[in-house]
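J.: Before I ask anything, here is the structure I am working with.
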Amino acid sequence: MRPFDRRLFLTGATIACAAPLWAQDDTWRAVIDRARAMDQCHALMIRQSGVDVVSGVFRGPALGRAVPVKSVSKTIVAALAGAALDRDELPSLDATIGQVAPRLIPARADPQVADITMENLVTMQAGLQRTSGANYGGWVSSSNWVSNALARPFVAQPGSRMLYSTGSFHVLGAVLAELAGESLLSLARNRLGRPLGVDIPAWTRDPQGRYLGGNEMALTHEGMIRFGEMYRQGGVFDGVQVLSRDWVARSLQVRTRSPFSGLSYGYGWFLGQARGEAYALARGYGGQIICVVPGLEMTIALTSDPLRPARSGGYFGDIMRLIEDAIIPVARGQLG
């Protein structure tokens, strides 16, 4: 792969972008044209073999500005669970809420709540009624988000199936903060932001002052890329072991499956395969994406309008076709 040259700009219609959009060479032109045609897509950055091969803005904020990544936040909180394991703050993912953070359990909760494990939370298999979707507004309007999430009725056995719920990650974030004696913001900045060289702005807090686990974080595109690159390289970034290789490997193993997209799910990452290449996906509302393709030495950051939905049968499907049918084939050709 040739070294990056910032003089290689695409010409024509793409010059009308909110910021210069460049590609390393013309082999990426079709990818850029296809992404630009998706009117919800704001920006695209692709790094392969440590080199930026595509970067730029179609519409929306500039690349250097932190933007809402929505439920990509869940993948970041999952990484913080790995950091807690690496530091022996969390004894194991088999540890239960009753064992490590019993004071978070409200008196009105089902007694079985105490037996929910950290693995149940990080895979969204807690079995409790979801706080996402139609239930999200009522949940964030409650006076105590942790208590509200844990006092919900069981609709499945813990560990039996994925129930996509921001509440599970908010509880996980609260547990991690309790164990470390620090806020989730402090953990994110010290354990991820600092070694990655990434600024993590403060974000939404619940009525008790706990930072929301699983939504509302913001990152720059470079920050998204660096986070993905760290996972791609087995937890290492710029020579520093940010997360253990064991945690990264375990995170990218199939634990359950999404009933919405059909993708598998590990610890905070959706998992799929296309054209013989395995990939891991952090996904946020509206089409906020970090995609890691280890076999092609590639990480993708794609951001979109955070106010418009991105359903599996709509815009998210368009994103997946962009990745699977356009980006992966070109990236494979570049390595060949």
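Just remember, in the structure tokens the first chain shown is A, the second B, etc., residues are 1-based per chain, and ligands are 1-based in the order shown.
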Enumerate as a PyMOL selection string all residues of region 299-335 of chain A assigned to helix (DSSP H, G or I) by DSSP on the backbone, naming them with the chain letters and numbers the document uses.

T.: chain A and resi 315-335

J.: Convert the current residue selection to file output with C-alpha atoms, as a PDB file, in the first residue's frame.

T.:
```pdb
ATOM      1  CA  TYR A 315     -30.554   2.855   6.357  1.00  0.00           C
ATOM      2  CA  PHE A 316     -28.632   0.406   8.569  1.00  0.00           C
ATOM      3  CA  GLY A 317     -29.096  -2.150   5.818  1.00  0.00           C
ATOM      4  CA  ASP A 318     -27.602   0.372   3.389  1.00  0.00           C
ATOM      5  CA  ILE A 319     -24.600   0.797   5.704  1.00  0.00           C
ATOM      6  CA  MET A 320     -24.092  -2.956   5.917  1.00  0.00           C
ATOM      7  CA  ARG A 321     -24.211  -3.284   2.126  1.00  0.00           C
ATOM      8  CA  LEU A 322     -21.683  -0.441   1.850  1.00  0.00           C
ATOM      9  CA  ILE A 323     -19.332  -2.286   4.206  1.00  0.00           C
ATOM     10  CA  GLU A 324     -19.885  -5.804   2.886  1.00  0.00           C
ATOM     11  CA  ASP A 325     -20.270  -5.173  -0.850  1.00  0.00           C
ATOM     12  CA  ALA A 326     -18.084  -2.109  -1.407  1.00  0.00           C
ATOM     13  CA  ILE A 327     -15.527  -1.427   1.336  1.00  0.00           C
ATOM     14  CA  ILE A 328     -14.442  -5.009   2.066  1.00  0.00           C
ATOM     15  CA  PRO A 329     -13.787  -5.926  -1.606  1.00  0.00           C
ATOM     16  CA  VAL A 330     -11.721  -2.781  -2.194  1.00  0.00           C
ATOM     17  CA  ALA A 331      -9.783  -3.249   1.049  1.00  0.00           C
ATOM     18  CA  ARG A 332      -9.012  -6.854   0.110  1.00  0.00           C
ATOM     19  CA  GLY A 333      -7.694  -5.704  -3.248  1.00  0.00           C
ATOM     20  CA  GLN A 334      -5.457  -3.151  -1.549  1.00  0.00           C
ATOM     21  CA  LEU A 335      -3.845  -5.826   0.613  1.00  0.00           C
TER      22      LEU A 335
END
```

J.: Within 7 Å of Thr131 (chain A), counting only C-alpha atoms, which residues show up once you throw out same-chain ones fewer than 4 positions away? Write them as an MDAnalysis selection string, please.

T.: chainID A and resid 135:136 139 149 165:167

J.: Take the residues from that selection and write them out as a tab-separated table (two decimals), in the first residue's frame, keeping all heavy atoms.

T.:
```tsv
chain	number	residue	atom	x	y	z
A	135	ASN	N	-39.90	1.88	25.60
A	135	ASN	CA	-39.79	2.07	27.05
A	135	ASN	C	-38.74	3.11	27.45
A	135	ASN	O	-38.63	3.44	28.63
A	135	ASN	CB	-39.41	0.73	27.72
A	135	ASN	CG	-40.48	-0.33	27.55
A	135	ASN	OD1	-41.66	-0.01	27.41
A	135	ASN	ND2	-40.08	-1.58	27.55
A	136	TYR	N	-37.97	3.61	26.48
A	136	TYR	CA	-36.82	4.46	26.82
A	136	TYR	C	-37.24	5.77	27.49
A	136	TYR	O	-36.66	6.16	28.50
A	136	TYR	CB	-35.99	4.74	25.56
A	136	TYR	CG	-34.67	5.41	25.85
A	136	TYR	CD1	-33.58	4.68	26.28
A	136	TYR	CD2	-34.53	6.80	25.69
A	136	TYR	CE1	-32.35	5.29	26.55
A	136	TYR	CE2	-33.32	7.41	25.95
A	136	TYR	CZ	-32.23	6.66	26.39
A	136	TYR	OH	-31.03	7.28	26.66
A	139	TRP	N	-38.26	5.36	31.04
A	139	TRP	CA	-37.12	4.99	31.88
A	139	TRP	C	-36.30	6.23	32.26
A	139	TRP	O	-36.00	6.45	33.43
A	139	TRP	CB	-36.25	3.96	31.17
A	139	TRP	CG	-34.99	3.59	31.91
A	139	TRP	CD1	-34.92	3.08	33.17
A	139	TRP	CD2	-33.65	3.74	31.43
A	139	TRP	NE1	-33.60	2.89	33.52
A	139	TRP	CE2	-32.80	3.28	32.47
A	139	TRP	CE3	-33.09	4.19	30.24
A	139	TRP	CZ2	-31.41	3.27	32.34
A	139	TRP	CZ3	-31.71	4.18	30.10
A	139	TRP	CH2	-30.89	3.72	31.16
A	149	ALA	N	-34.52	0.19	36.25
A	149	ALA	CA	-34.12	-0.91	35.37
A	149	ALA	C	-34.17	-2.25	36.10
A	149	ALA	O	-34.61	-3.26	35.55
A	149	ALA	CB	-32.72	-0.67	34.82
A	165	SER	N	-31.22	-3.53	25.59
A	165	SER	CA	-31.67	-2.64	26.66
A	165	SER	C	-30.53	-1.78	27.17
A	165	SER	O	-29.54	-2.31	27.72
A	165	SER	CB	-32.26	-3.47	27.81
A	165	SER	OG	-32.74	-2.62	28.84
A	166	THR	N	-30.67	-0.47	27.02
A	166	THR	CA	-29.66	0.43	27.55
A	166	THR	C	-29.57	0.31	29.07
A	166	THR	O	-28.51	0.50	29.66
A	166	THR	CB	-29.98	1.88	27.14
A	166	THR	OG1	-29.97	1.96	25.71
A	166	THR	CG2	-28.96	2.87	27.70
A	167	GLY	N	-30.68	-0.06	29.71
A	167	GLY	CA	-30.68	-0.24	31.16
A	167	GLY	C	-29.65	-1.24	31.63
A	167	GLY	O	-29.03	-1.06	32.69
```

J.: Might you pull out every residue within 9 Å of Thr117 (chain A), with only C-alpha atoms counted and same-chain residues fewer than 3 positions away left off, and present them as a count of residues only?

T.: 13

J.: So that I can check the surroundings of Glu89 (chain A), please list as a list in words every protein, DNA and RNA residue that reaches within 8 Å of it, counting only C-alpha atoms and ignoring chain neighbours fewer than 3 positions away.

T.: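 Answer for this query is Ala84, Leu85, Asp86, Leu179 and Ala180 of chain A.
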
J.: Excluding Arg108 (chain A) and any residue of its chain fewer than 4 positions from it, enumerate the residues within 9 Å of it, using only C-alpha atoms, and give them as JSON, numbers by chain.

T.: {"A": [147, 150, 151]}

J.: Between A:Met38, A:Ser244, A:Gln233, A:Arg210, single out the one closest to Gly181 (chain A), counting only C-alpha atoms.

T.: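 Ranked by minimum distance to Gly181 (chain A), first place goes to A:Arg210.
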
J.: I'd like the neighbourhood of Asn215 (chain A) as a compact mmCIF listing (two decimals) with N, CA and C atoms, in the first residue's frame, where a residue qualifies if any of its atoms comes within 7 Å (using only C-alpha atoms), though same-chain residues fewer than 5 positions away should be ignored.

T.:
```
# COMPACT_ATOMS: atom_id res chain seq x y z
N LYS A 70 -24.11 7.75 20.25
CA LYS A 70 -25.28 6.99 20.71
C LYS A 70 -24.87 5.64 21.34
N SER A 71 -25.40 4.53 20.85
CA SER A 71 -25.15 3.26 21.53
C SER A 71 -23.80 2.63 21.24
N SER A 73 -21.65 3.84 22.67
CA SER A 73 -21.30 3.95 24.08
C SER A 73 -21.32 2.61 24.79
N LYS A 74 -22.21 1.71 24.38
CA LYS A 74 -22.28 0.39 25.00
C LYS A 74 -20.98 -0.38 24.81
```

J.: What's the 10 Å shell around Ala43 (chain A), counting only C-alpha atoms, without same-chain residues fewer than 6 positions away, as a ChimeraX atom specification?

T.: /A:17-19,21,32,35-36,55-63,221,288,301-305

J.: With C-alpha atoms retained, export the selected residues as a short mmCIF file (atom, residue, chain, number, x, y, z; two decimals), in the first residue's frame.

T.:
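See again23.cif below for the written result:
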```
data_model
loop_
_atom_site.label_atom_id
_atom_site.label_comp_id
_atom_site.auth_asym_id
_atom_site.auth_seq_id
_atom_site.Cartn_x
_atom_site.Cartn_y
_atom_site.Cartn_z
CA CYS A 17 -18.72 18.42 0.95
CA ALA A 18 -18.68 20.26 4.27
CA ALA A 19 -14.93 19.55 4.48
CA LEU A 21 -13.06 14.51 1.25
CA ILE A 32 -17.04 7.39 -1.51
CA ALA A 35 -21.53 6.60 0.86
CA ARG A 36 -22.20 10.15 -0.30
CA SER A 55 -11.45 10.47 5.21
CA GLY A 56 -13.92 13.29 4.95
CA VAL A 57 -17.30 14.84 5.59
CA PHE A 58 -20.30 14.70 3.27
CA ARG A 59 -22.49 16.83 5.50
CA GLY A 60 -22.68 17.69 9.18
CA PRO A 61 -19.90 18.55 11.68
CA ALA A 62 -16.22 18.61 10.77
CA LEU A 63 -14.03 15.58 11.44
CA HIS A 221 -13.91 10.27 14.12
CA GLN A 288 -23.08 5.66 14.15
CA ALA A 301 -15.71 5.01 11.40
CA LEU A 302 -19.00 6.17 9.89
CA THR A 303 -21.27 8.80 11.40
CA SER A 304 -24.78 9.80 10.44
CA ASP A 305 -27.68 12.06 11.32
#
```

J.: Among the residues of region 171-249 of chain A, find those DSSP assigns to strand (DSSP E or B) from the backbone and print them as a ChimeraX atom specification.

T.: /A:205,211,217-219,236-237,240-241
